[in-house]
$ cat structure-v4.txt   # compact mmCIF, C-alpha atoms
# COMPACT_ATOMS: atom_id res chain seq x y z
CA MET A 147 -19.43 1.60 5.49
CA LYS A 148 -19.85 1.03 1.77
CA LEU A 149 -19.13 4.02 -0.43
CA LYS A 150 -22.49 3.42 -2.05
CA GLU A 151 -24.23 4.06 1.28
CA ILE A 152 -22.29 7.28 1.77
CA VAL A 153 -23.28 8.44 -1.70
CA GLU A 154 -26.93 7.77 -0.88
CA LYS A 155 -26.91 9.29 2.58
CA LEU A 156 -25.13 12.50 1.60
CA GLY A 157 -26.75 12.88 -1.82
CA LEU A 158 -23.42 12.87 -3.66
CA LYS A 159 -23.34 13.01 -7.43
CA VAL A 160 -21.05 10.36 -8.90
CA ARG A 161 -19.11 11.64 -11.91
CA THR A 162 -17.01 8.61 -12.82
CA LYS A 163 -18.54 5.74 -14.73
CA SER A 164 -16.72 2.68 -13.47
CA GLY A 165 -15.59 3.45 -9.93
CA ARG A 166 -15.75 1.00 -7.11
CA LEU A 167 -18.75 2.10 -5.10
CA ASP A 168 -18.79 -1.30 -3.39
CA GLY A 169 -15.58 -0.43 -1.59
CA ASP A 170 -15.55 -0.15 2.16
CA VAL A 171 -14.70 3.26 3.60
CA GLN A 172 -13.56 3.72 7.17
CA ARG A 173 -11.60 6.92 7.24
CA GLY A 174 -11.28 10.23 5.52
CA TYR A 175 -8.86 13.04 4.83
CA VAL A 176 -9.41 16.69 3.96
CA SER A 177 -6.77 18.69 2.09
CA ASP A 178 -6.26 20.84 -0.96
CA LEU A 179 -2.52 20.40 -1.04
CA LEU A 180 -1.46 17.41 -3.09
CA SER A 181 1.84 16.96 -1.26
CA ASP A 182 0.00 16.95 2.02
CA VAL A 183 -2.28 14.18 0.82
CA LEU A 184 0.72 12.21 -0.42
CA ALA A 185 2.44 12.65 2.91
CA ASN A 186 -0.40 12.25 5.37
CA ALA A 187 -3.43 10.49 3.91
CA ALA A 188 -3.62 6.73 4.40
CA GLN A 189 -4.54 3.97 2.04
CA GLY A 190 -8.30 3.63 1.75
CA ASP A 191 -9.05 7.18 2.91
CA LEU A 192 -11.92 9.07 1.35
CA TRP A 193 -10.48 12.42 0.20
CA ILE A 194 -12.35 15.69 0.43
CA THR A 195 -10.91 18.51 -1.68
CA LEU A 196 -11.70 21.55 -3.81
CA GLN A 197 -9.08 20.71 -6.43
CA THR A 198 -10.66 19.55 -9.68
CA HIS A 199 -7.76 19.00 -12.07
CA GLN A 200 -6.56 15.60 -13.19
CA ASN A 201 -3.64 15.32 -10.82
CA ILE A 202 -6.05 14.52 -8.00
CA ALA A 203 -6.77 11.24 -9.76
CA ALA A 204 -3.05 10.49 -9.97
CA VAL A 205 -2.52 11.31 -6.31
CA ALA A 206 -5.52 9.21 -5.25
CA GLY A 207 -4.32 6.32 -7.39
CA MET A 208 -0.85 6.53 -5.97
CA LYS A 209 -2.06 6.48 -2.38
CA GLY A 210 -4.76 3.89 -3.02
CA LEU A 211 -7.52 6.18 -1.74
CA SER A 212 -11.10 4.93 -1.84
CA GLY A 213 -12.53 7.98 -3.55
CA ILE A 214 -12.56 11.75 -4.00
CA ILE A 215 -15.37 14.10 -3.02
CA LEU A 216 -15.30 17.57 -4.57
CA ILE A 217 -16.92 20.25 -2.42
CA ASN A 218 -19.06 23.34 -3.04
CA SER A 219 -20.53 21.78 -6.19
CA ARG A 220 -17.20 22.03 -7.98
CA GLU A 221 -17.19 19.84 -11.07
CA PRO A 222 -14.18 17.71 -12.08
CA GLU A 223 -12.37 18.65 -15.28
CA GLU A 224 -12.88 16.31 -18.19
CA GLY A 225 -9.37 14.89 -17.96
CA THR A 226 -9.93 14.22 -14.28
CA ILE A 227 -12.86 11.92 -14.95
CA ARG A 228 -10.95 10.07 -17.65
CA LYS A 229 -7.94 9.56 -15.42
CA ALA A 230 -10.04 8.60 -12.43
CA ASP A 231 -11.80 5.97 -14.53
CA GLU A 232 -8.45 4.60 -15.58
CA GLU A 233 -7.37 4.38 -11.95
CA SER A 234 -10.80 3.11 -10.79
CA ILE A 235 -11.09 6.00 -8.35
CA PRO A 236 -14.67 7.16 -7.84
CA VAL A 237 -15.08 10.95 -8.07
CA MET A 238 -18.15 12.48 -6.46
CA VAL A 239 -19.51 16.00 -6.11
CA SER A 240 -21.14 17.49 -3.02
CA ALA A 241 -22.89 20.81 -2.65
CA LEU A 242 -21.58 21.11 0.91
CA SER A 243 -18.45 22.88 2.12
CA ALA A 244 -15.47 20.86 3.31
CA PHE A 245 -16.26 21.55 6.96
CA GLU A 246 -19.88 20.58 6.63
CA LEU A 247 -19.12 17.49 4.58
CA ALA A 248 -16.43 16.22 6.96
CA GLY A 249 -18.85 16.71 9.85
CA ARG A 250 -21.56 14.69 8.15
CA LEU A 251 -19.12 11.93 7.31
CA TYR A 252 -17.85 11.86 10.87
CA SER A 253 -21.34 11.40 12.21
CA LEU A 254 -21.76 8.48 9.80
CA GLY A 255 -18.79 6.85 11.49
CA ILE A 256 -16.09 7.85 9.00
CA THR A 257 -13.27 9.14 11.17
CA GLY A 258 -9.74 10.36 10.69
CA ILE A 259 -8.26 8.77 13.77
CA GLY A 260 -4.96 6.99 13.56
CA ASN A 261 -4.18 7.96 10.00
CA ALA A 262 -0.81 9.49 10.59
CA ALA A 263 0.49 6.39 12.31
CA LYS A 264 -0.54 4.17 9.43
CA GLY A 265 2.41 5.21 7.32
CA ILE A 266 2.62 5.83 3.62
CA MET B 279 3.79 -23.95 9.27
CA SER B 280 1.42 -22.05 7.03
CA LYS B 281 -1.37 -22.63 9.50
CA GLU B 282 0.66 -20.91 12.18
CA LYS B 283 1.20 -18.00 9.86
CA GLU B 284 -2.52 -17.70 9.11
CA LEU B 285 -3.33 -17.72 12.81
CA SER B 286 -0.93 -14.95 13.63
CA LYS B 287 -2.31 -12.97 10.70
CA VAL B 288 -5.80 -13.23 12.17
CA GLN B 289 -4.46 -12.24 15.57
CA GLU B 290 -2.84 -9.23 14.01
CA LEU B 291 -6.08 -8.33 12.27
CA VAL B 292 -8.23 -8.38 15.39
CA TYR B 293 -5.91 -5.80 16.89
CA GLU B 294 -5.66 -3.74 13.74
CA LEU B 295 -9.33 -3.66 12.83
CA LYS B 296 -11.83 -1.61 14.79
CA VAL B 297 -15.28 -2.67 15.93
CA ALA B 298 -16.63 -0.24 13.32
CA ASP B 299 -14.88 -2.21 10.59
CA ALA B 300 -16.83 -5.36 11.27
CA MET B 301 -20.12 -4.15 12.71
CA ARG B 302 -23.37 -3.95 10.87
CA SER B 303 -24.43 -0.31 10.65
CA ARG B 304 -27.93 -0.84 9.37
CA VAL B 305 -29.56 -1.70 12.65
CA ILE B 306 -33.13 -2.67 13.32
CA THR B 307 -34.20 -1.15 16.63
CA VAL B 308 -37.34 -1.02 18.72
CA SER B 309 -38.52 1.54 21.23
CA SER B 310 -39.20 0.67 24.84
CA LYS B 311 -42.83 1.50 24.13
CA THR B 312 -43.12 -1.08 21.36
CA LEU B 313 -45.41 -3.88 22.54
CA MET B 314 -44.14 -7.39 23.22
CA SER B 315 -46.84 -8.73 20.91
CA GLU B 316 -45.27 -6.84 18.01
CA LEU B 317 -41.79 -8.16 18.70
CA ARG B 318 -42.20 -11.55 17.10
CA GLU B 319 -43.09 -10.06 13.76
CA ILE B 320 -40.14 -7.65 13.91
CA LEU B 321 -37.69 -10.46 14.67
CA LYS B 322 -39.23 -12.70 12.03
CA ILE B 323 -39.29 -10.18 9.20
CA ASN B 324 -35.72 -9.08 9.80
CA ARG B 325 -34.52 -12.60 10.58
CA ILE B 326 -32.76 -11.56 13.74
CA SER B 327 -32.76 -13.10 17.18
CA GLY B 328 -32.60 -9.90 19.18
CA THR B 329 -32.52 -6.15 18.84
CA PRO B 330 -31.38 -3.05 20.74
CA VAL B 331 -34.04 -0.92 22.40
CA VAL B 332 -33.55 2.76 21.63
CA ASP B 333 -35.39 5.84 22.94
CA ASN B 334 -34.46 9.26 21.54
CA ASP B 335 -31.28 7.93 19.94
CA LYS B 336 -30.10 6.55 23.27
CA LEU B 337 -29.64 2.86 23.92
CA VAL B 338 -31.84 1.87 26.86
CA GLY B 339 -31.81 -1.90 26.66
CA ILE B 340 -31.67 -5.02 24.59
CA ILE B 341 -34.38 -7.60 23.92
CA SER B 342 -33.73 -11.06 22.55
CA ILE B 343 -35.70 -14.07 21.48
CA GLU B 344 -34.96 -15.67 24.87
CA ASP B 345 -36.78 -12.80 26.60
CA PHE B 346 -39.65 -13.30 24.20
CA ILE B 347 -39.90 -17.03 24.91
CA LYS B 348 -39.82 -16.33 28.63
CA TRP B 349 -42.63 -13.84 28.17
CA LEU B 350 -44.66 -16.43 26.25
CA ALA B 351 -44.06 -19.01 28.97
CA ASP B 352 -45.14 -16.52 31.62
CA GLY B 353 -48.55 -16.14 30.00
CA ALA B 354 -47.88 -13.61 27.23
CA LYS B 355 -49.69 -10.73 28.87
CA ASP B 356 -49.05 -7.82 26.53
CA CYS B 357 -46.88 -5.00 27.79
CA PRO B 358 -44.24 -2.57 26.46
CA ILE B 359 -40.85 -4.07 25.66
CA GLY B 360 -39.40 -1.74 28.28
CA GLU B 361 -40.74 -3.99 31.03
CA LYS B 362 -39.19 -7.20 29.73
CA MET B 363 -35.96 -6.04 28.18
CA ASN B 364 -32.53 -6.35 29.69
CA ALA B 365 -31.79 -2.77 30.74
CA LYS B 366 -28.24 -3.45 31.87
CA VAL B 367 -26.77 -3.50 28.42
CA MET B 368 -23.18 -4.09 27.72
CA SER B 369 -21.95 -2.26 24.72
CA LEU B 370 -18.81 -1.55 22.76
CA PHE B 371 -17.50 1.67 21.28
CA SER B 372 -17.04 1.77 17.54
CA ASP B 373 -13.39 2.81 17.81
CA GLU B 374 -12.36 -0.06 20.08
CA PRO B 375 -10.16 -2.74 18.57
CA LEU B 376 -12.01 -5.77 17.31
CA VAL B 377 -10.24 -7.93 19.86
CA HIS B 378 -12.38 -6.31 22.59
CA ALA B 379 -15.49 -7.53 20.84
CA VAL B 380 -14.07 -11.02 20.49
CA SER B 381 -13.18 -11.30 24.16
CA LYS B 382 -16.45 -9.77 25.40
CA LEU B 383 -18.55 -12.09 23.26
CA GLU B 384 -16.62 -15.01 24.64
CA GLN B 385 -16.65 -13.80 28.23
CA PHE B 386 -20.37 -13.08 28.52
CA GLY B 387 -21.75 -15.52 26.02
CA PHE B 388 -24.06 -12.97 24.46
CA GLY B 389 -24.95 -13.26 20.80
CA ARG B 390 -24.51 -9.58 20.04
CA PHE B 391 -23.28 -6.28 21.34
CA PRO B 392 -24.70 -2.87 20.52
CA VAL B 393 -22.01 -0.48 19.28
CA LEU B 394 -21.99 3.13 20.42
CA ASN B 395 -20.23 6.22 19.20
CA ARG B 396 -17.78 7.22 21.91
CA LEU B 397 -18.51 10.93 21.59
CA ASP B 398 -22.28 11.08 21.92
CA HIS B 399 -23.09 7.51 22.95
CA LYS B 400 -25.51 7.15 20.07
CA LEU B 401 -26.14 3.69 18.70
CA VAL B 402 -24.21 3.25 15.45
CA GLY B 403 -24.33 -0.49 14.92
CA VAL B 404 -24.52 -4.01 16.20
CA ILE B 405 -21.81 -6.63 16.15
CA THR B 406 -22.19 -10.42 16.23
CA LYS B 407 -19.72 -13.29 16.00
CA GLY B 408 -20.86 -13.83 12.45
CA ASP B 409 -20.00 -10.24 11.51
CA ILE B 410 -16.50 -10.65 12.91
CA ILE B 411 -15.88 -13.91 11.11
CA GLU B 412 -17.15 -12.45 7.86
CA ARG B 413 -14.87 -9.46 8.11
CA LEU B 414 -11.81 -11.52 8.99
CA LEU B 415 -12.45 -13.90 6.12
CA LYS B 416 -12.74 -11.01 3.72
CA GLU B 417 -9.52 -9.49 5.00
CA THR B 418 -7.47 -12.68 4.83
CA GLU B 419 -8.83 -13.40 1.38
CA ILE B 420 -7.59 -10.02 0.12
CA ASP B 421 -4.17 -10.62 1.62
CA TYR B 422 -3.97 -14.10 0.20
CA HIS B 423 -4.93 -12.86 -3.23
CA GLU B 424 -2.32 -10.13 -3.15
CA GLU B 425 0.32 -12.61 -2.08
CA GLU B 426 -0.55 -14.93 -4.95
CA ILE B 427 -0.15 -12.18 -7.54
CA HIS B 428 3.04 -11.08 -5.88
CA ARG B 429 4.62 -14.52 -6.05
CA TYR B 430 3.59 -15.21 -9.59
CA ARG B 431 4.90 -12.00 -11.03
CA ALA B 432 8.07 -11.76 -9.01
CA SER B 433 9.09 -15.24 -10.02
CA HIS B 434 8.82 -14.27 -13.65
CA ILE B 435 11.40 -11.57 -13.61
CA PHE B 436 14.02 -11.77 -10.94
CA GLU B 437 14.00 -15.51 -10.36
CA ASP B 438 13.64 -16.79 -13.90
CA ILE B 439 16.29 -14.61 -15.45
CA ILE B 440 19.70 -16.18 -15.17
CA ALA B 441 22.46 -13.68 -14.61
CA ASP B 442 24.91 -12.67 -11.96
CA LYS B 443 23.17 -9.34 -11.66
CA THR B 444 19.80 -8.31 -13.01
CA THR B 445 18.80 -4.68 -13.34
CA ILE B 446 15.72 -3.38 -15.07
CA ILE B 447 15.89 0.21 -16.25
CA PHE B 448 13.02 2.52 -17.12
CA ARG B 449 13.71 5.90 -18.66
CA TYR B 450 11.16 8.68 -18.84
CA TYR B 451 11.18 12.19 -20.28
CA VAL B 452 9.33 14.88 -18.36
CA LYS B 453 8.02 17.96 -20.12
CA GLY B 454 8.32 21.21 -18.21
CA LYS B 455 5.28 23.40 -17.44
CA ASP B 456 2.85 20.78 -18.77
CA PHE B 457 0.43 20.25 -15.91
CA ASN B 458 -1.91 18.08 -17.91
CA ARG B 459 0.72 15.42 -18.20
CA ALA B 460 2.29 15.91 -14.81
CA GLY B 461 2.20 12.67 -12.86
CA GLU B 462 2.09 10.42 -15.92
CA VAL B 463 5.62 9.17 -15.38
CA SER B 464 5.00 8.19 -11.78
CA THR B 465 1.65 6.59 -12.56
CA GLY B 466 3.36 4.51 -15.24
CA LEU B 467 6.23 3.67 -12.93
CA LYS B 468 3.83 2.53 -10.24
CA LYS B 469 2.15 0.13 -12.67
CA ASN B 470 5.48 -1.26 -13.82
CA LEU B 471 6.75 -1.84 -10.32
CA SER B 472 3.51 -3.55 -9.31
CA ARG B 473 3.80 -5.81 -12.33
CA LEU B 474 7.27 -6.78 -11.23
CA GLY B 475 5.69 -8.10 -8.07
CA ILE B 476 7.36 -5.64 -5.75
CA ASP B 477 5.87 -5.20 -2.29
CA PRO B 478 2.96 -2.70 -2.47
CA GLN B 479 4.42 -0.55 0.34
CA ILE B 480 7.71 -0.21 -1.52
CA VAL B 481 5.88 0.53 -4.75
CA ARG B 482 3.89 3.27 -3.05
CA ARG B 483 6.98 4.90 -1.59
CA ALA B 484 8.78 4.82 -4.93
CA ALA B 485 5.74 6.22 -6.73
CA ILE B 486 5.29 9.07 -4.26
CA ALA B 487 8.97 10.00 -4.34
CA SER B 488 9.04 9.99 -8.13
CA TYR B 489 5.76 11.90 -8.29
CA GLU B 490 7.09 14.71 -6.13
CA ALA B 491 10.32 14.78 -8.15
CA GLU B 492 8.40 14.76 -11.40
CA LEU B 493 6.23 17.64 -10.21
CA ASN B 494 9.32 19.65 -9.32
CA VAL B 495 10.64 19.16 -12.82
CA VAL B 496 7.27 20.23 -14.27
CA ILE B 497 6.86 23.27 -12.04
CA TYR B 498 10.34 24.71 -11.96
CA THR B 499 12.21 23.56 -15.07
CA ASP B 500 11.83 23.30 -18.82
CA GLY B 501 11.99 19.55 -18.64
CA GLY B 502 14.16 16.67 -17.54
CA GLU B 503 14.70 12.97 -17.37
CA ILE B 504 13.84 10.32 -14.83
CA GLN B 505 15.71 7.05 -14.80
CA VAL B 506 14.60 4.21 -12.58
CA LYS B 507 16.79 1.19 -11.92
CA VAL B 508 15.16 -1.83 -10.34
CA ARG B 509 17.35 -4.48 -8.77
CA PRO B 510 16.30 -7.36 -6.53
CA ASP B 511 17.63 -5.45 -3.53
CA LYS B 512 16.75 -1.83 -4.31
CA ILE B 513 15.13 0.76 -6.52
CA SER B 514 17.20 3.77 -7.57
CA ILE B 515 15.53 6.84 -9.02
CA ASP B 516 17.62 9.46 -10.79
CA VAL B 517 16.02 12.76 -11.73
CA GLU B 518 17.99 15.21 -13.82
CA ASP B 519 17.05 18.53 -15.35
CA THR B 520 18.87 21.32 -17.14
CA GLY B 521 18.03 24.26 -14.98
CA PRO B 522 17.50 26.73 -13.44
CA GLY B 523 19.05 25.01 -10.38
CA ILE B 524 18.47 25.49 -6.67
CA PRO B 525 20.43 28.36 -5.04
CA ASP B 526 20.08 27.12 -1.45
CA ILE B 527 19.44 23.40 -1.06
CA GLU B 528 19.27 23.55 2.72
CA LYS B 529 16.48 26.09 2.52
CA ALA B 530 14.69 24.15 -0.20
CA MET B 531 14.65 21.09 2.05
CA GLN B 532 12.82 22.95 4.83
CA PRO B 533 9.19 21.88 5.04
CA GLY B 534 6.93 24.68 3.89
CA TYR B 535 9.63 26.62 2.04
CA SER B 536 8.53 27.19 -1.53
CA THR B 537 9.34 29.43 -4.45
CA ALA B 538 6.35 28.28 -6.46
CA PRO B 539 4.35 31.03 -8.21
CA GLU B 540 0.86 31.81 -6.98
CA TRP B 541 -0.98 30.09 -9.85
CA VAL B 542 0.87 26.86 -9.16
CA ARG B 543 -0.08 27.03 -5.48
CA GLU B 544 -3.71 27.52 -6.36
CA LEU B 545 -3.62 24.15 -8.08
CA GLY B 546 -2.56 22.60 -4.79
CA PHE B 547 1.08 22.20 -5.77
CA GLY B 548 4.12 24.06 -4.52
CA ALA B 549 3.32 23.75 -0.83
CA GLY B 550 6.99 23.35 -0.01
CA MET B 551 6.58 19.75 1.08
CA GLY B 552 7.85 17.98 -2.02
CA LEU B 553 11.51 17.42 -1.15
CA ASN B 554 10.50 16.55 2.37
CA ASN B 555 8.07 13.94 1.13
CA ILE B 556 10.78 12.48 -1.06
CA LYS B 557 13.10 12.25 1.91
CA LYS B 558 10.43 10.52 3.99
CA CYS B 559 9.79 7.95 1.29
CA SER B 560 13.39 7.10 0.50
CA ASP B 561 16.13 5.28 2.36
CA LYS B 562 18.80 7.44 0.78
CA MET B 563 18.48 10.79 -0.94
CA ASN B 564 21.14 12.95 -2.52
CA LEU B 565 20.46 16.34 -4.08
CA THR B 566 23.04 18.35 -6.00
CA SER B 567 22.38 21.50 -7.94
CA THR B 568 24.22 24.21 -9.83
CA VAL B 569 22.41 27.46 -10.52
CA GLY B 570 22.07 27.96 -14.26
CA LYS B 571 23.10 24.38 -14.99
CA GLY B 572 20.58 22.05 -13.44
CA THR B 573 19.66 19.75 -10.59
CA HIS B 574 20.36 16.08 -10.00
CA LEU B 575 18.35 14.13 -7.45
CA LYS B 576 19.25 10.57 -6.51
CA ILE B 577 16.90 8.43 -4.47
CA SER B 578 17.35 4.87 -3.20
CA ILE B 579 14.65 2.68 -1.75
CA TYR B 580 15.65 -0.70 -0.36
CA MET B 581 13.40 -3.69 -0.94
CA GLU B 582 13.94 -5.30 2.45
CA LYS B 583 14.08 -2.80 5.25
CA LYS B 584 11.09 -0.54 5.87
CA GLY B 585 12.42 3.01 5.84
CA GLY B 586 9.71 5.63 5.31
CA ALA B 587 7.42 7.00 7.96
$ encode --input "structure-v4.txt" --output "structure tokens"
Amino acid sequence: MKLKEIVEKLGLKVRTKSGRLDGDVQRGYVSDLLSDVLANAAQGDLWITLQTHQNIAAVAGMKGLSGIILINSREPEEGTIRKADEESIPVMVSALSAFELAGRLYSLGITGIGNAAKGI
Amino acid sequence: MSKEKELSKVQELVYELKVADAMRSRVITVSSKTLMSELREILKINRISGTPVVDNDKLVGIISIEDFIKWLADGAKDCPIGEKMNAKVMSLFSDEPLVHAVSKLEQFGFGRFPVLNRLDHKLVGVITKGDIIERLLKETEIDYHEEEIHRYRASHIFEDIIADKTTIIFRYYVKGKDFNRAGEVSTGLKKNLSRLGIDPQIVRRAAIASYEAELNVVIYTDGGEIQVKVRPDKISIDVEDTGPGIPDIEKAMQPGYSTAPEWVRELGFGAGMGLNNIKKCSDKMNLTSTVGKGTHLKISIYMEKKGGA
């Protein structure tokens, strides 16, 4: 599913200017620990987190994630948006909690299955 | 030769990709109570030759243009679609490998298969041969493009330079306790390595290992230095700082063990996974430390063999 469709369906607010909303998203990952994301998320995953500082953009860029959704209406820090734009990582904000958001995504067909086996 | 390679790539893809990756998720559906007389317009407007029949989110049948023509030939007496549809529908689950779709389409000669969610059996999409071809083309195009870039750039450095041994060295200085700049070194390193045309998987492993190491320097020390040596056969990353040193390396290597202060953990760092991640990403890792003096971490990642998990 296109990221653009997810943004529409879940009413996400996009905070980055460039961002590749045309990208295809198949799977997701939820974590607030950066090392955990580095170890266990897979390339192309959509990342749900409550962390808002600029290192999330670096981590997402490093793993080649398809985007970051911040939960509970948490807004990204200014440096985060700048860095995310540099890395072409879309950053979006949702009013939902992580649990709720992951559930909605799952019912849209975004799953987490098979991530661990995909390697780094 | 290259044709053989392309073929096996496609074969690999049909096993790797899932039905959900290729299906169309915006699906036009009709209800079993929709009238046959309305069907033509629905097919025409949406430019489709058939559509799933859905009642209360459940797939109950499929109706195609062939059924419609048959109905016309039989006198076109209006009735609900439910009476003319094919109620024995074959479907696929969205998490099945694409190869199942390919073989079912071939085996039964249908133009399309409805795709269901395995958990609740709700209709989530439709897949046709065209969708599969489109997806495979897109995927091979991406791969081809990446390969092109790879070849071009790699040839520039390691093949064009004439020497018995070629090593490219990057040196970075890491400031301690500066979280705003944490990760800059590794982000820069990742770009450099990509430009050198190194395999994206290797680049990712090197970047993650150096990121974790960089973060350790930022969190626990007053600063340090990262030196990266790139050779045609391997990448070596050396991280050195001037203290405070690790009292018990064995303990520090245990996943989940962390001495990070609370405020660092709140930022999502210091989960005690860093050294473990480095180990997973590298083919060789050597950590030495003297309390009060400093820590020296050496990482090697080989270009050929795939090491990390």
$ closest_atom_pairs --input "structure-v4.txt" --of "stretch 152-193 of chain A" --to "stretch 552-570 of chain B" --cutoff "10 Å" --atoms "only C-alpha atoms" --output "JSON lines"
{"residue": "A:Leu180", "atom": "CA", "partner": "B:Gly552", "partner_atom": "CA", "distance": 9.4}
{"residue": "A:Ser181", "atom": "CA", "partner": "B:Gly552", "partner_atom": "CA", "distance": 6.1}
{"residue": "A:Asp182", "atom": "CA", "partner": "B:Asn555", "partner_atom": "CA", "distance": 8.7}
{"residue": "A:Leu184", "atom": "CA", "partner": "B:Asn555", "partner_atom": "CA", "distance": 7.7}
{"residue": "A:Ala185", "atom": "CA", "partner": "B:Asn555", "partner_atom": "CA", "distance": 6.0}
{"residue": "A:Asn186", "atom": "CA", "partner": "B:Asn555", "partner_atom": "CA", "distance": 9.6}
$ residues_near_point --input "structure-v4.txt" --point "(4.1, 12.5, -10.0)" --cutoff "7 Å" --atoms "all atoms listed in the file" --output "PyMOL selection string"
chain B and resi 460-465+486+488-493
$ write_last_selection --input "structure-v4.txt" --atoms "C-alpha atoms" --output "mmCIF file, keeping the file's coordinate frame"
data_model
loop_
_atom_site.group_PDB
_atom_site.id
_atom_site.type_symbol
_atom_site.label_atom_id
_atom_site.label_comp_id
_atom_site.auth_asym_id
_atom_site.auth_seq_id
_atom_site.Cartn_x
_atom_site.Cartn_y
_atom_site.Cartn_z
ATOM 1 C CA ALA B 460 2.290 15.910 -14.810
ATOM 2 C CA GLY B 461 2.200 12.670 -12.860
ATOM 3 C CA GLU B 462 2.090 10.420 -15.920
ATOM 4 C CA VAL B 463 5.620 9.170 -15.380
ATOM 5 C CA SER B 464 5.000 8.190 -11.780
ATOM 6 C CA THR B 465 1.650 6.590 -12.560
ATOM 7 C CA ILE B 486 5.290 9.070 -4.260
ATOM 8 C CA SER B 488 9.040 9.990 -8.130
ATOM 9 C CA TYR B 489 5.760 11.900 -8.290
ATOM 10 C CA GLU B 490 7.090 14.710 -6.130
ATOM 11 C CA ALA B 491 10.320 14.780 -8.150
ATOM 12 C CA GLU B 492 8.400 14.760 -11.400
ATOM 13 C CA LEU B 493 6.230 17.640 -10.210
#
$ interface_residues --input "structure-v4.txt" --of "chain A" --to "chain B" --cutoff "12 Å" --atoms "all atoms listed in the file" --output "ChimeraX atom specification"
/A:147-148,151-152,170-173,177-186,188-189,195-211,223-226,229-230,232-233,252-266
$ atom_distance --input "structure-v4.txt" --atom1 "atom CA of B:Asp500" --atom2 "atom CA of B:Pro522"
8.5 Å
$ residues_around --input "structure-v4.txt" --residues "B:Pro330" --least-positions-apart "2" --cutoff "7 Å" --atoms "all atoms listed in the file" --output "ChimeraX atom specification"
/B:307-308,332,337,339-341,392
$ atom_distance --input "structure-v4.txt" --atom1 "atom CA of B:Ile577" --atom2 "atom CA of B:Ile515"
5.0 Å
$ atom_distance --input "structure-v4.txt" --atom1 "atom CA of B:Asp356" --atom2 "atom CA of B:Ile326"
21.0 Å
$ closest_residue --input "structure-v4.txt" --among "B:Ala530, B:Val508, B:Val495, B:Ile513" --to "B:Thr573" --atoms "only C-alpha atoms"
B:Val495
$ residues_around --input "structure-v4.txt" --residues "A:Arg161" --least-positions-apart "4" --cutoff "9 Å" --atoms "all atoms listed in the file" --output "VMD selection string"
chain A and resid 221 to 222 227 236 to 239
$ closest_residue --input "structure-v4.txt" --among "B:Met368, B:Ile320, B:Leu467, B:Met314" --to "B:Trp349" --atoms "all atoms listed in the file"
B:Met314
